[in-house]
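Enquirer: First the structure, then my questions, so here it is.
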Amino acid sequence: MMSASLFFQHRFQQFRGLFKWVALVVPMAVAVGSLCALFLWSLDRATAARFEHPWLIFLMPVAGFLMVLVYQRFGRGAEGGNNLIVDQIHEPGGGVPLRMAPFILVSTVLTHLVGGSAGREGTAVQLGGSIASAFARVFRLSHAEIRILLMAGIAAGFGAVFGTPIAGAVFALEVLTIGRMQYEALIPSLAAAITADWTCHAWGIEHIQYHIGYLSGTPASTFHLDALLLVKVGVAGVLFGLMARCFSEISHIASAAFKRLCAYAPLRPVIASAVLIGLVYLLGTREYLGLGVWSPNPADATILGFFDPADVDYWSWFWKAVFTIVTLSAGFKGGEVTPLFFIGAALGNALAAILGAPADLFAGLGFVAVFAGATNTPLACMIMGIELFGATHTVYLAVACFLAYICSGHTSIYLSQRLGIAKSAASGHIPSGIPLRHIRDIAMNGRSEDDRKNNQAPPPLQQERDIQ
């Protein structure tokens, strides 16, 4: 048996380590939460300005050209985005440049000001990663400690920008490796996410409130499953996963196509701007520009609108995907996640009408499940659904997120994610521990029999695009 002195010595070391991390993480998270508050405030002002001055979309080619040009000349690695942060967690090296924070904040706001269809999670994660890396350099942390602090930075940014701190903490642990959780950063990530979210609220930032009216008066403790509805949720979960897979793969293909079409990077967003402006006038609407969370025009498709059972929208998910893929694949900055929320909620709304299911419930399921499939983070997305919509529909949320995760395959919007455990036995031939960009190379080009026998990965596929 362990002696009393040894027991207390171990507990003392644990508490000392915990105190160290709290002392380090809290000020870092306050800085990240404050920057996220500034970012969200700026984003709202930019979106309002775009609605007030519709002519701003004609500045999209100029903004895109200057954005990519500035990144090329002065970014010095900042363009690596979310993938750079994930790579640095797996293999700490040069670190994440502090300049990434102002670069991504300004460029994302500019993207939304001129009407680019992008999100905000990429900005928040990069704010968190760059600030965390700066703290690591100041305190001269070891490689193992840098990994933990970078994960805490991801949690802080994600938790603050969406107002979901528990989901933010789990996302930071889950997003790095498919099938494995990085539990060594559990407490630092949780502390960072809660602190950053609290700081963001302290600055007066409020998040959009979503509501699922279906069974809203039923306490979660007395809720009973509807077997037929559960089957419909299962069907929808499969389709959400396939949608996530299509979005990820087409995004990478479009990025490669832009590179083949135009070797000079600053001209790519100019080409994309012409396509987007053309689509605006072809469709006769601007509802697929920007975040898509709200609009002063009640007739526009928005995320909130998909929760209204009275409105049925069959095609908004498709057009939002087109606008987002064109925007981000060409080099505009932002994130994919809020557009994925839009796509998922719109698809859920359409499936509810087809399957005869509650529209608000399916909009909520699609909101988190498509995101789960595109990022391979089913647990974080299920928790996000609980934080956003309440615990009444936890079982349905779990089924939708887990099935979307399985059906999305070994693809992701983050190509630096690594494979820990294959999603199915049929994929057991894929070597573990390699980035998803290598798995795409295996799928597209194959590999030799000797590689299979030696369980070696093929030569790295050049990263197809920097995911912001």
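Here, A, B, ... name the chains of the structure tokens in the order displayed, residue numbers run from 1 inside each chain, and ligands are numbered from 1 in the same displayed order.
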Could you give me, as CSV, every segment 96-183 of chain A residue with an atom at most 7 Å from segment 47-55 of chain A, plus its closest atom pair and distance in Å to one decimal, counting only C-alpha atoms, rows ordered by chain then number?
Expert:
```
residue,atom,partner,partner_atom,distance
A:His112,CA,A:Thr47,CA,6.3
A:Leu113,CA,A:Arg50,CA,5.6
A:Val114,CA,A:Arg50,CA,6.7
```
Enquirer: Suppose we keep N, CA, C and O atoms; can you now write the selection as a short mmCIF file (atom, residue, chain, number, x, y, z; two decimals), in the first residue's frame?
Expert:
```cif
data_model
loop_
_atom_site.label_atom_id
_atom_site.label_comp_id
_atom_site.auth_asym_id
_atom_site.auth_seq_id
_atom_site.Cartn_x
_atom_site.Cartn_y
_atom_site.Cartn_z
N HIS A 112 -16.13 39.67 -44.68
CA HIS A 112 -17.57 39.84 -44.44
C HIS A 112 -18.07 41.21 -44.88
O HIS A 112 -19.23 41.34 -45.30
N LEU A 113 -17.23 42.22 -44.77
CA LEU A 113 -17.64 43.56 -45.19
C LEU A 113 -18.00 43.60 -46.66
O LEU A 113 -18.96 44.27 -47.06
N VAL A 114 -17.26 42.85 -47.49
CA VAL A 114 -17.51 42.88 -48.94
C VAL A 114 -18.40 41.73 -49.40
O VAL A 114 -18.66 41.59 -50.59
#
```
Enquirer: Taking 3 positions as the minimum chain separation for residues in the same chain, which residues sit within 7 Å of Ala101 of chain A when counting only C-alpha atoms? Answer as an NGL selection string.
Expert: :A and (98 or 104-105 or 126-127 or 130)
Enquirer: Kindly indicate which residue among A:Arg120, A:Arg147, A:His10, A:His211 lies nearest to Glu184 of chain A, using only C-alpha atoms for the distances.
Expert: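 Among A:Arg120, A:Arg147, A:His10, A:His211, it is A:Arg147 that comes nearest to Glu184 of chain A.
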Enquirer: Quick check for you: according to DSSP on this backbone, which residues of segment 236-438 of chain A are classed as helix (DSSP H, G or I)? Reply as a PyMOL selection string.
Expert: chain A and resi 236-261+265-283+304-307+316-329+337-355+359-375+378-389+394-407+425-427+436-438
Enquirer: What's the 9 Å shell around Phe389 of chain A, counting only C-alpha atoms, without same-chain residues fewer than 3 positions away, as a list in words?
Expert: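 Once the nearby chain positions are removed, what remains is Gln209, Tyr210, His211, Ile212, Gly364, Met384, Gly385, Ile386, Thr392 and His393 of chain A.
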Enquirer: Restricting the output to all heavy atoms, write the selected residues as a compact mmCIF listing (two decimals), in the first residue's frame.
Expert:
```
# COMPACT_ATOMS: atom_id res chain seq x y z
N GLN A 209 -29.60 33.32 -29.75
CA GLN A 209 -30.28 32.26 -29.00
C GLN A 209 -31.14 31.44 -29.95
O GLN A 209 -31.99 31.98 -30.67
CB GLN A 209 -31.16 32.88 -27.91
CG GLN A 209 -30.40 33.69 -26.87
CD GLN A 209 -29.42 32.83 -26.08
OE1 GLN A 209 -29.76 31.75 -25.61
NE2 GLN A 209 -28.19 33.33 -25.94
N TYR A 210 -30.91 30.13 -29.97
CA TYR A 210 -31.69 29.22 -30.81
C TYR A 210 -32.66 28.44 -29.92
O TYR A 210 -32.37 28.16 -28.75
CB TYR A 210 -30.76 28.25 -31.55
CG TYR A 210 -29.77 28.93 -32.45
CD1 TYR A 210 -28.46 29.17 -32.04
CD2 TYR A 210 -30.15 29.34 -33.73
CE1 TYR A 210 -27.55 29.80 -32.87
CE2 TYR A 210 -29.24 29.98 -34.56
CZ TYR A 210 -27.95 30.21 -34.12
OH TYR A 210 -27.05 30.84 -34.94
N HIS A 211 -33.80 28.10 -30.50
CA HIS A 211 -34.83 27.42 -29.70
C HIS A 211 -35.49 26.32 -30.53
O HIS A 211 -35.88 26.54 -31.67
CB HIS A 211 -35.88 28.43 -29.24
CG HIS A 211 -37.02 27.80 -28.50
ND1 HIS A 211 -36.89 27.24 -27.25
CD2 HIS A 211 -38.33 27.63 -28.84
CE1 HIS A 211 -38.05 26.77 -26.84
NE2 HIS A 211 -38.94 26.99 -27.79
N ILE A 212 -35.57 25.14 -29.94
CA ILE A 212 -36.32 24.03 -30.54
C ILE A 212 -37.63 23.89 -29.78
O ILE A 212 -37.64 23.56 -28.59
CB ILE A 212 -35.51 22.71 -30.47
CG1 ILE A 212 -34.24 22.82 -31.32
CG2 ILE A 212 -36.37 21.54 -30.95
CD1 ILE A 212 -33.36 21.59 -31.28
N GLY A 364 -32.00 21.89 -35.87
CA GLY A 364 -31.00 21.83 -34.81
C GLY A 364 -30.05 20.66 -34.96
O GLY A 364 -28.84 20.79 -34.75
N MET A 384 -22.26 20.67 -27.86
CA MET A 384 -22.67 21.99 -28.36
C MET A 384 -24.18 22.05 -28.54
O MET A 384 -24.83 23.05 -28.19
CB MET A 384 -21.97 22.30 -29.69
CG MET A 384 -22.52 23.53 -30.38
SD MET A 384 -21.69 23.91 -31.94
CE MET A 384 -20.38 24.97 -31.32
N GLY A 385 -24.76 20.97 -29.09
CA GLY A 385 -26.21 20.93 -29.25
C GLY A 385 -26.92 21.04 -27.92
O GLY A 385 -27.95 21.73 -27.80
N ILE A 386 -26.40 20.39 -26.89
CA ILE A 386 -27.01 20.47 -25.56
C ILE A 386 -26.88 21.88 -25.00
O ILE A 386 -27.83 22.43 -24.42
CB ILE A 386 -26.35 19.44 -24.62
CG1 ILE A 386 -26.67 18.02 -25.09
CG2 ILE A 386 -26.82 19.63 -23.18
CD1 ILE A 386 -25.91 16.94 -24.35
N THR A 392 -33.16 18.20 -23.64
CA THR A 392 -34.34 17.39 -23.93
C THR A 392 -34.11 16.41 -25.08
O THR A 392 -34.56 15.27 -25.04
CB THR A 392 -35.54 18.29 -24.27
OG1 THR A 392 -35.82 19.14 -23.16
CG2 THR A 392 -36.79 17.45 -24.57
N HIS A 393 -33.36 16.84 -26.09
CA HIS A 393 -33.19 16.03 -27.30
C HIS A 393 -31.79 15.42 -27.39
O HIS A 393 -31.28 15.19 -28.49
CB HIS A 393 -33.48 16.87 -28.54
CG HIS A 393 -34.81 17.55 -28.50
ND1 HIS A 393 -36.00 16.85 -28.54
CD2 HIS A 393 -35.15 18.86 -28.39
CE1 HIS A 393 -37.01 17.71 -28.48
NE2 HIS A 393 -36.52 18.92 -28.39
```
Enquirer: Which residues are near segment 309-323 of chain A? Cut-off 6 Å, only C-alpha atoms, ignore same chain within fewer than 2 positions. Put them as an MDAnalysis selection string.
Expert: chainID A and resid 117 288 325:326 343 346:347 350 359
Enquirer: Please determine, counting only C-alpha atoms, which residue among A:Pro266, A:Gly241, A:Gly122, A:Gly204 has the shortest atom-to-atom distance to Val62 of chain A.
Expert: A:Pro266
Enquirer: Which of these, A:Thr324, A:Ser34, A:Thr377, A:Ser255, has the shortest distance to Val175 of chain A once you count only C-alpha atoms?
Expert: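 Smallest separation from Val175 of chain A among the options: A:Thr377.
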Enquirer: At a cut-off of 9 Å, using only C-alpha atoms, what residues contact Thr327 of chain A? Leave out same-chain residues fewer than 6 positions from it and give the result as a list of chain:residue names.
Expert: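 Close residues of Thr327 of chain A: A:Thr111, A:Gly116, A:Ser117, A:Ala118, A:Pro269, A:Ala272, A:Ser273, A:Leu276, A:Lys333.
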